[in-house]
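Peer 1: Got a structure here, written out as structure tokens. Questions coming.
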4 protein chains.
Amino acid sequence: MLGVSTSADVGYLEDTDAIVRRLARIEGQVRGLSRMVSDEAYCVDVLTQLAAVSRALDGVGLKLLSDHTRHCVRGAVERGGEEGDEKVSELLEAVERFARTR
Amino acid sequence: MLGVSTSADVGYLEDTDAIVRRLARIEGQVRGLSRMVSDEAYCVDVLTQLAAVSRALDGVGLKLLSDHTRHCVRGAVERGGEEGDEKVSELLEAVERFARTR
Amino acid sequence: MLGVSTSADVGYLEDTDAIVRRLARIEGQVRGLSRMVSDEAYCVDVLTQLAAVSRALDGVGLKLLSDHTRHCVRGAVERGGEEGDEKVSELLEAVERFARTR
Amino acid sequence: MLGVSTSADVGYLEDTDAIVRRLARIEGQVRGLSRMVSDEAYCVDVLTQLAAVSRALDGVGLKLLSDHTRHCVRGAVERGGEEGDEKVSELLEAVERFARTR
């Protein structure tokens, strides 16, 4: 965690650490996939493992989407005006993209 | 490709190399995601990048599914009998799992 | 749209009509699928048509999600307090379910 | 079931009936969605129901994919030659399309 955040942002920082840890685990899983393919593991076993990595990545995506909605989007809507409109539109585009790539 | 697999199954090995390279790139992309989160990049940008990683991973999954079908499943069906049945059932389960995790 | 919903919420009603029309079209498409299967159309053609119906249904889901976010969720967040929290949580669960079933 | 099939195709015919029944149920579910929207049911409830319809449609897709693989593709591969190649390629395209639209 190299992000410089103020202490008023602690709740968010904790989440950042958790997400970085989850991504480190996913990185290791991708390396594991690579090893399986190099070792010519049985295709169906590789596919099963790949599905697990894909699910883990989705989990991180949903967490980011959730934090973003609860913090940025919510704050912007509470402040009202154009910024609220923009954040809601942007959120809906992100949801659509997220759903499409699943 | 008529299901006859010799020890020098070069075509398969070449595919293996290509898949390992694609996975190495995905590993780098996951590391990039981690950096973005650490640097507290804008959430929606992280989500966009995560969607790209997810798509790349799907691409590898489809390639594995395709190679598996063209080689193992096809060969087993050509040889006929119970092995063919088993490989076809196993393939359909893999397709279902793959579709579910997308 | 600032969360003030009167009994003459015409904008919403118009959307309702459009959604009902889209669902009527989807109903017809499902009937068409049934006819293809009864007529023993080629499997791959049925699958291609089924994918189109699936996409159309997703489109309606995204439209509902979008209207819901722009109206209910947004209004609740603007009014603030617990209702805002609840609507945001509920929205995120709906997004997750939507993404899962795609 | 209006499809005219020979008696040698009975196993397939039974499946056709089952699939037509599943599609009739899905048609009814889509009609139910339309009614919910007309009655201005709560958005999140409509989305939950829509997810169920989407899952049911996917189920039919997987069944078609499965029957197609077990019958057409398998038969073509057993007969060998170019037809086998074509059917396998076509199957893989159908799998890809199916996965994409989920």
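Every chain in the structure tokens has a letter given in the order shown (A, B, ...), and although residue numbers restart at 1 in each chain, ligands are simply numbered from 1 in the order shown.
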Select residues of chain B: the criterion is any atom within 8 Å of an atom of chain D, counting only C-alpha atoms; output as a PDB file with N, CA, C and O atoms, in the first residue's frame.
Peer 2:
```
ATOM      1  N   LEU B  62     -11.436 -19.869 -23.633  1.00  0.00           N
ATOM      2  CA  LEU B  62     -12.007 -20.331 -24.904  1.00  0.00           C
ATOM      3  C   LEU B  62     -10.972 -21.067 -25.742  1.00  0.00           C
ATOM      4  O   LEU B  62     -11.291 -22.049 -26.402  1.00  0.00           O
ATOM      5  N   SER B  66     -11.264 -24.862 -26.886  1.00  0.00           N
ATOM      6  CA  SER B  66     -11.190 -25.172 -28.302  1.00  0.00           C
ATOM      7  C   SER B  66     -10.131 -26.250 -28.567  1.00  0.00           C
ATOM      8  O   SER B  66     -10.410 -27.265 -29.221  1.00  0.00           O
ATOM      9  N   THR B  69     -11.288 -29.596 -27.266  1.00  0.00           N
ATOM     10  CA  THR B  69     -12.318 -30.225 -28.091  1.00  0.00           C
ATOM     11  C   THR B  69     -11.711 -30.797 -29.367  1.00  0.00           C
ATOM     12  O   THR B  69     -11.982 -31.940 -29.744  1.00  0.00           O
ATOM     13  N   ARG B  70     -10.867 -29.995 -30.031  1.00  0.00           N
ATOM     14  CA  ARG B  70     -10.280 -30.425 -31.300  1.00  0.00           C
ATOM     15  C   ARG B  70      -9.318 -31.604 -31.130  1.00  0.00           C
ATOM     16  O   ARG B  70      -9.134 -32.383 -32.046  1.00  0.00           O
ATOM     17  N   ARG B  74     -12.208 -34.931 -29.604  1.00  0.00           N
ATOM     18  CA  ARG B  74     -12.345 -35.448 -30.944  1.00  0.00           C
ATOM     19  C   ARG B  74     -11.682 -36.827 -31.091  1.00  0.00           C
ATOM     20  O   ARG B  74     -12.271 -37.755 -31.642  1.00  0.00           O
ATOM     21  N   VAL B  77     -13.708 -39.490 -29.332  1.00  0.00           N
ATOM     22  CA  VAL B  77     -14.939 -39.829 -30.059  1.00  0.00           C
ATOM     23  C   VAL B  77     -14.593 -40.706 -31.260  1.00  0.00           C
ATOM     24  O   VAL B  77     -15.288 -41.693 -31.552  1.00  0.00           O
ATOM     25  N   GLU B  78     -13.502 -40.378 -31.953  1.00  0.00           N
ATOM     26  CA  GLU B  78     -13.093 -41.174 -33.111  1.00  0.00           C
ATOM     27  C   GLU B  78     -12.737 -42.609 -32.707  1.00  0.00           C
ATOM     28  O   GLU B  78     -13.048 -43.552 -33.429  1.00  0.00           O
ATOM     29  N   GLY B  80     -14.064 -44.015 -30.297  1.00  0.00           N
ATOM     30  CA  GLY B  80     -15.383 -44.576 -29.974  1.00  0.00           C
ATOM     31  C   GLY B  80     -15.456 -45.188 -28.592  1.00  0.00           C
ATOM     32  O   GLY B  80     -14.538 -45.074 -27.782  1.00  0.00           O
ATOM     33  N   VAL B  88     -17.162 -36.480 -23.950  1.00  0.00           N
ATOM     34  CA  VAL B  88     -18.221 -35.562 -24.364  1.00  0.00           C
ATOM     35  C   VAL B  88     -18.945 -35.011 -23.124  1.00  0.00           C
ATOM     36  O   VAL B  88     -19.199 -33.802 -23.012  1.00  0.00           O
ATOM     37  N   LEU B  92     -19.032 -31.065 -21.857  1.00  0.00           N
ATOM     38  CA  LEU B  92     -20.261 -30.292 -21.646  1.00  0.00           C
ATOM     39  C   LEU B  92     -20.292 -29.690 -20.248  1.00  0.00           C
ATOM     40  O   LEU B  92     -20.756 -28.566 -20.058  1.00  0.00           O
ATOM     41  N   VAL B  95     -18.028 -26.676 -20.412  1.00  0.00           N
ATOM     42  CA  VAL B  95     -18.704 -25.559 -21.098  1.00  0.00           C
ATOM     43  C   VAL B  95     -19.673 -24.872 -20.133  1.00  0.00           C
ATOM     44  O   VAL B  95     -19.707 -23.649 -20.026  1.00  0.00           O
ATOM     45  N   GLU B  96     -20.421 -25.681 -19.405  1.00  0.00           N
ATOM     46  CA  GLU B  96     -21.398 -25.126 -18.462  1.00  0.00           C
ATOM     47  C   GLU B  96     -20.700 -24.285 -17.389  1.00  0.00           C
ATOM     48  O   GLU B  96     -21.103 -23.167 -17.094  1.00  0.00           O
ATOM     49  N   PHE B  98     -17.783 -22.921 -17.579  1.00  0.00           N
ATOM     50  CA  PHE B  98     -17.182 -21.754 -18.213  1.00  0.00           C
ATOM     51  C   PHE B  98     -18.236 -20.663 -18.415  1.00  0.00           C
ATOM     52  O   PHE B  98     -18.003 -19.489 -18.120  1.00  0.00           O
ATOM     53  N   ALA B  99     -19.404 -21.063 -18.918  1.00  0.00           N
ATOM     54  CA  ALA B  99     -20.476 -20.097 -19.162  1.00  0.00           C
ATOM     55  C   ALA B  99     -20.956 -19.486 -17.835  1.00  0.00           C
ATOM     56  O   ALA B  99     -21.196 -18.292 -17.745  1.00  0.00           O
ATOM     57  N   ARG B 100     -21.066 -20.293 -16.812  1.00  0.00           N
ATOM     58  CA  ARG B 100     -21.534 -19.802 -15.496  1.00  0.00           C
ATOM     59  C   ARG B 100     -20.612 -18.753 -14.895  1.00  0.00           C
ATOM     60  O   ARG B 100     -21.078 -17.809 -14.273  1.00  0.00           O
ATOM     61  N   ARG B 102     -18.745 -16.732 -16.356  1.00  0.00           N
ATOM     62  CA  ARG B 102     -18.618 -15.498 -17.135  1.00  0.00           C
ATOM     63  C   ARG B 102     -19.666 -14.497 -16.672  1.00  0.00           C
ATOM     64  O   ARG B 102     -20.770 -14.864 -16.348  1.00  0.00           O
TER      65      ARG B 102
END
```
Peer 1: Identify, with DSSP run on backbone atoms, the residues in chain C assigned to helix (DSSP H, G or I), and express the list as an MDAnalysis selection string.
Peer 2: chainID C and resid 10:38 43:79 81:100
Peer 1: Which one of B:Ala94, B:Leu64, B:Ala18, B:Arg25 sits closest to Ala41 in chain A if you count only C-alpha atoms?
Peer 2: B:Leu64
Peer 1: I need the residue nearest Arg31 in chain D from this list: C:Arg55, C:Ile19, C:Asp45, C:His68. Use only C-alpha atoms for the distance.
Peer 2: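 With only C-alpha atoms as the atom set, the closest residue is C:Ile19.
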